[in-house]
Amino acid sequence: MIEILPLLQVATDATTSNPRGLMAVGAGLGAGLAVIGAGLGIGRIGGQAVEGMARQPEAAGRIQTAALILAALIEGAALFGVVIAFQIQGKI
């Protein structure tokens with residue numbers, strides 16, 4: 001298991017010479033959390049959509065359409081989170 005405390009201590013030590021060090025750590029954590037959240041959300045939508053189609057095959061078209069729209073909305077929110085995280089860092 002990776003110990004995160006030494007990594008954070010190194011990042012904190014780097015901020016004494018470079019004050020943007022913690023912004024880089026924060027941007028990385030923010031972008032990572034946005035992508036993880038989107039992955040979990042899209043996975044849940046996909047699983048529930050397949051389960052719904054298996055239970056009611058006659059409604060498969062409507063379920064698939066709704067699942068694609070919801071997946072696109074979640075992906076847009078994740079992209080927004082990643083862009084904001086990198087703007088905080090100052091890379092964009």
# chains A, B, ... in the order shown; residues from 1 in each chain; ligands from 1

call {"tool": "residues_around", "arguments": {"residues": "range 38-47 of chain A", "least_positions_apart": "4", "cutoff": "7 Å", "atoms": "only C-alpha atoms", "output": "PyMOL selection string"}}
result
chain A and resi 34+51+67+71+74-75+78

call {"tool": "closest_residue", "arguments": {"among": "A:Gly52, A:Pro6, A:Pro57, A:Gly30", "to": "Phe80 in chain A", "atoms": "only C-alpha atoms"}}
result
A:Gly30

call {"tool": "closest_residue", "arguments": {"among": "A:Val35, A:Ala27, A:Leu5, A:Ala49", "to": "Arg62 in chain A", "atoms": "only C-alpha atoms"}}
result
A:Ala49
